[in-house]
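The structure under discussion appears below in the form of structure tokens.
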Amino acid sequence: MITVTALHQSSPARFTGDANPYGGGDPYADYRTADFPFTRYANLADRQLGAGVIAANDEFFAQRENLLVPERAEFDPEHFGHKGKIMDGWETRRRRGVSAAHPWPTAEDHDWALVRLGAPGVIRGIVVDTAHFRGNYPQAVSVEATSVPGSPSPQELRGDDVKWTTLVPRTPVGGHAANGFEVTVEQRFTHLRVNQHPDGGIARLRVYGEVVPDPEWLAVLGTFDVVALENGGRVEDASDLFYSPATNTIQPGRSRKMDDGWETRRRRDQGNDWIRYQLAAQSHIRAIEIDTAYLKGNSAGWASVSVKDGADGEWTEVLPRTRLQPDTSHRFVLPEPAVGTHARIDIFPDGGISRLRLFGSLTEQGAAQHAARHQELGG
């Protein structure tokens with residue numbers, strides 16, 4: 001039998017019930033949403049990190065892959081196909097009972113999708129978005145998680161030996177709404193099973209948390225980007241998030257367009273903008289790359305990078321204020337390795353960068369602390 005363990009009762013969804021039928025105009029005018037504090041973490045189900053919806057029991061009306069599309073769901077009232085209305089999300093057919101005497105689905109009937117996280121980690125919150133599903137959203141949802149090494153197939157994940165932990169128990173949700181759930185389970189997970197009871201449609205899924213990479217993988221890499229999201233780095237804070245999230249600066253790969261980086265509003269004072277990061281663990285930093293790809297008339301004019309060791313350490317400038325060029329990758333080799341657990345980039349006076357890379361390796365202390373945390377989280 002598949003083992004399912006409930007370790008946490010998540011906070012209830014903020015919305016229940018149908019939304020009004022679409023009446024024309026802006027379809028998001030009556031969309032229901034809220035400010036979920038956990039969205040400050042990175043989206044572990046980001047396709048750019050390598051996430052995917054690897055299986056679903058039913059996707060009759062709309063494909064499961066739509067769940068992880070980065071953009072918000074779109075709605076076209078005239079978009080119909082041979083099977084009916086085509087929705088920008090994952091939508092299953094209507095479930096039926098076993099006979100005319102019992103035409104209704106049973107309490108246990110549900111549809112499911114298996115999601116591989118782009119980076120394994122600790123989940124802090126989940127948003128099940130039912131945008132544009134006004135009368136055809138699920139009555140309730142539940143979410144389970146597991147940690148399986150390697151690249152398991154859908155069949156392997158559905159095996160009897162896989163242990164699933166309940167992150168979101170079966171909870172009513174609302175139509176055309178962002179249904180948010182806080183999660184406090186201190187475990188490292190690699191995959192999710194998203195269930196909708198008994199059927200219906202979900203537009204988008206977002207899974208917010210902290211990346212916890214495999215220590216053996218980092219050890220084999222030797223020198224790597226110690227601030228990269230996929231290696232366990234994260235943004236702690238930033239001076240300005242007006243146009244785009246600071247987390248973009250530590251995403252994999254080069255920026256593909258202007259809003260795939262970090263851009264601030266125009267300053268009208270004598271200050272400057274900045275991002276503060278926590279590294280994968282204590283590291284030796286040997287080289288820095290600052291990329292302004294696709295930022296042409298709005299790239300930062302100058303930048304400096306500082307490092308500190310420990311939350312209470314003193315900031316030490318390792319790259320002095322340096323002129324940046326638009327749409328350019330800038331590379332700097334440090335004269336000697338800088339040791340730190342945190343980094344900060346200051347840009348002057350404003351503008352943006354697309355990526356920051358800090359190349360180095362974990363110190364012995366950093367590697368030991370990371371391995372201990374990985375083990376504590378069940379990795």
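Here, A, B, ... name the chains of the structure tokens in the order displayed, residue numbers run from 1 inside each chain, and ligands are numbered from 1 in the same displayed order.
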Tell me which protein, DNA and RNA residues are within 6 Å of region 178-191 of chain A, counting only C-alpha atoms, leaving out same-chain ones fewer than 5 positions away, and put them as a list of chain:residue names.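 Everything that qualifies: A:Ser10, A:Ser11, A:Ala13, A:Thr33, A:Val115, A:Arg116, A:Leu117, A:Pro120, A:Gly121, A:Val122, A:Arg124, A:Gly125, A:Ile126, A:Val127, A:Val128, A:Asp129, A:Ala145, A:Thr146, A:Ser147, A:Leu377.
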Arg94 (chain A) surroundings by only C-alpha atoms, 12 Å radius, close-in-sequence under 5 positions cut, as a list of chain:residue names: A:Asp58, A:Glu59, A:Phe60, A:Phe61, A:Pro103, A:Trp104, A:Pro105, A:Asp109, A:His110, A:Asp111, A:Asn136, A:Tyr137, A:Pro138, A:Gln196, A:His197, A:Pro198, A:Asp199, A:Gly200, A:Gly201
Writer output for current selection, N, CA and C atoms, as a short mmCIF file (atom, residue, chain, number, x, y, z; two decimals), in the first residue's frame:
```
data_model
loop_
_atom_site.label_atom_id
_atom_site.label_comp_id
_atom_site.auth_asym_id
_atom_site.auth_seq_id
_atom_site.Cartn_x
_atom_site.Cartn_y
_atom_site.Cartn_z
N ASP A 58 -6.00 12.28 -16.07
CA ASP A 58 -6.97 12.77 -17.03
C ASP A 58 -6.62 14.21 -17.40
N GLU A 59 -6.64 14.52 -18.69
CA GLU A 59 -6.45 15.90 -19.15
C GLU A 59 -7.30 16.10 -20.40
N PHE A 60 -8.56 15.71 -20.29
CA PHE A 60 -9.46 15.66 -21.43
C PHE A 60 -9.67 17.04 -22.06
N PHE A 61 -9.90 18.06 -21.24
CA PHE A 61 -10.21 19.38 -21.77
C PHE A 61 -8.99 20.29 -21.92
N PRO A 103 -25.73 8.27 -9.89
CA PRO A 103 -25.03 8.97 -10.97
C PRO A 103 -23.91 9.89 -10.49
N TRP A 104 -23.77 10.04 -9.19
CA TRP A 104 -22.80 11.00 -8.64
C TRP A 104 -21.46 10.32 -8.34
N PRO A 105 -20.35 11.05 -8.46
CA PRO A 105 -19.06 10.46 -8.07
C PRO A 105 -19.04 10.18 -6.57
N ASP A 109 -13.56 9.65 -5.19
CA ASP A 109 -13.18 9.94 -6.58
C ASP A 109 -12.39 11.24 -6.66
N HIS A 110 -11.30 11.21 -7.42
CA HIS A 110 -10.50 12.43 -7.60
C HIS A 110 -9.58 12.25 -8.80
N ASP A 111 -9.10 13.36 -9.32
CA ASP A 111 -8.09 13.37 -10.38
C ASP A 111 -6.76 13.83 -9.80
N ASN A 136 -16.33 25.52 -12.97
CA ASN A 136 -15.77 24.21 -13.33
C ASN A 136 -14.46 23.92 -12.61
N TYR A 137 -14.25 24.56 -11.47
CA TYR A 137 -13.08 24.31 -10.63
C TYR A 137 -13.37 23.12 -9.72
N PRO A 138 -12.37 22.51 -9.10
CA PRO A 138 -12.63 21.39 -8.19
C PRO A 138 -13.33 21.87 -6.91
N GLN A 196 -7.36 16.90 -7.30
CA GLN A 196 -8.57 17.71 -7.29
C GLN A 196 -9.77 16.80 -7.10
N HIS A 197 -10.63 17.19 -6.18
CA HIS A 197 -11.77 16.37 -5.75
C HIS A 197 -13.08 17.03 -6.18
N PRO A 198 -13.97 16.37 -6.91
CA PRO A 198 -13.71 15.08 -7.56
C PRO A 198 -13.10 15.26 -8.95
N ASP A 199 -13.23 16.46 -9.55
CA ASP A 199 -12.77 16.72 -10.90
C ASP A 199 -12.75 18.23 -11.10
N GLY A 200 -12.46 18.68 -12.31
CA GLY A 200 -12.52 20.10 -12.62
C GLY A 200 -11.24 20.63 -13.21
N GLY A 201 -10.94 21.90 -12.92
CA GLY A 201 -9.79 22.53 -13.54
C GLY A 201 -9.01 23.44 -12.61
#
```
Please report the interatomic distance between CA of Ala343 (chain A) and CA of Phe224 (chain A) in Å with one decimal.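 The value is 15.4 Å.
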Name the residues of region 160-354 of chain A that come out as helix (DSSP H, G or I) in a backbone DSSP run; write them as a list in words.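 After running DSSP on the backbone, region 160-354 of chain A has helix (DSSP H, G or I) at Pro215, Glu216, Trp217, Leu218, Ala219, Val220, Leu221, Leu229, Glu230, Asn231, Ala246, Thr247, Asn248, Thr249, Ile250, Met258, Asp259 and Asp260 of chain A.
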Taking only C-alpha atoms into account, which of A:Glu144, A:Asp30, A:Glu156, A:Glu216 comes nearest Ala367 (chain A)? A:Glu216
Which residues, written as a list of chain:residue names, have at least one atom at most 9 Å from Glu210 (chain A), with only C-alpha atoms counted and residues fewer than 5 positions away on the same chain left out? A:Tyr41, A:Ala42, A:Asn43, A:Leu44, A:Ala119, A:Pro120, A:Gly121, A:Val122, A:Ile123, A:Arg124, A:Leu229, A:Gly232, A:Gly233, A:Arg234
Counting only C-alpha atoms, the residue of A:Val305, A:Ile353, A:Ala56, A:Ala371 that sits nearest Val194 (chain A):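 Between A:Val305, A:Ile353, A:Ala56, A:Ala371, the residue approaching Val194 (chain A) most closely is A:Ala56.
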Using only C-alpha atoms, which protein or nucleic acid residues come within 9 Å of Gln365 (chain A)? Drop anything in the same chain fewer than 3 positions from it, and give the result as a ChimeraX atom specification. /A:281-283,362,368-370
To one decimal place in Å, what is the distance between CA of Gly340 (chain A) and CA of Arg276 (chain A)? 12.7 Å
Correct to one decimal, the distance CA of Thr328 (chain A)-CA of Pro70 (chain A) is 25.4 Å
Between A:Ser239, A:Asn57, A:Ser151, A:Ser329, single out the one closest to Gly351 (chain A), counting only C-alpha atoms. A:Ser239
Enumerate, as a VMD selection string, the complete set of residues in region 204-371 of chain A that a backbone-based DSSP assignment places in strand (DSSP E). chain A and resid 204 to 211 224 to 225 234 to 238 262 to 263 273 to 291 302 to 308 316 to 323 329 to 348 352 to 353 355 to 362
For Gly253 (chain A), list every protein, DNA or RNA residue within 10 Å, evaluated using only C-alpha atoms, and leave out those in the same chain fewer than 3 positions away; present the list as a list in words.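 Skipping anything fewer than 3 positions along the chain leaves Gln48, Leu49, Thr249, Ile250, Arg256 and Arg355 of chain A.
Among the candidates A:Glu376, A:Asp214, A:Val143, A:Arg323, the residue lying nearest to Trp164 (chain A) is A:Val143 (atoms considered: only C-alpha atoms).
Closest to Pro172 (chain A) among A:His284, A:Glu336, A:Asp76, A:Asp18 is A:Asp18, based on only C-alpha atoms.
Nearest-residue note for Leu68 (chain A): choosing from A:Gly25, A:Gly89, A:Pro337, A:Gly379, the minimum distance belongs to A:Gly89, counting only C-alpha atoms.
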Tell me which protein, DNA and RNA residues are within 12 Å of Gly24 (chain A), counting only C-alpha atoms, leaving out same-chain ones fewer than 2 positions away, and put them as a list in words. Asn20, Pro21, Tyr22, Asp26, Pro27, Tyr28, Ala29, Asp30, Phe75, Asp76, Pro77 and Glu78 of chain A
Write the residues of the preceding selection, restricted to N, CA and C atoms, as a CSV table (one decimal), in the first residue's frame.
```csv
chain,number,residue,atom,x,y,z
A,20,ASN,N,-18.6,34.7,-10.3
A,20,ASN,CA,-19.7,35.1,-11.2
A,20,ASN,C,-19.4,34.6,-12.6
A,21,PRO,N,-20.4,34.3,-13.4
A,21,PRO,CA,-20.1,34.0,-14.8
A,21,PRO,C,-19.4,35.2,-15.5
A,22,TYR,N,-18.6,34.9,-16.5
A,22,TYR,CA,-17.9,35.9,-17.2
A,22,TYR,C,-18.9,36.8,-17.9
A,26,ASP,N,-12.5,42.9,-18.8
A,26,ASP,CA,-11.3,42.4,-18.2
A,26,ASP,C,-11.7,41.1,-17.4
A,27,PRO,N,-11.3,39.9,-17.7
A,27,PRO,CA,-11.7,38.8,-17.0
A,27,PRO,C,-11.1,38.7,-15.6
A,28,TYR,N,-10.0,39.5,-15.3
A,28,TYR,CA,-9.4,39.5,-14.0
A,28,TYR,C,-10.0,40.6,-13.1
A,29,ALA,N,-11.0,41.3,-13.6
A,29,ALA,CA,-11.6,42.4,-12.8
A,29,ALA,C,-12.2,41.8,-11.5
A,30,ASP,N,-12.8,40.6,-11.5
A,30,ASP,CA,-13.4,40.0,-10.3
A,30,ASP,C,-12.6,38.8,-9.8
A,75,PHE,N,-7.6,34.1,-20.9
A,75,PHE,CA,-9.0,33.7,-21.1
A,75,PHE,C,-9.5,34.2,-22.4
A,76,ASP,N,-9.9,33.3,-23.3
A,76,ASP,CA,-10.5,33.7,-24.6
A,76,ASP,C,-11.9,33.1,-24.7
A,77,PRO,N,-13.0,33.9,-24.5
A,77,PRO,CA,-14.3,33.4,-24.5
A,77,PRO,C,-14.8,32.7,-25.7
A,78,GLU,N,-14.1,32.9,-26.8
A,78,GLU,CA,-14.5,32.3,-28.1
A,78,GLU,C,-13.6,31.1,-28.5
```
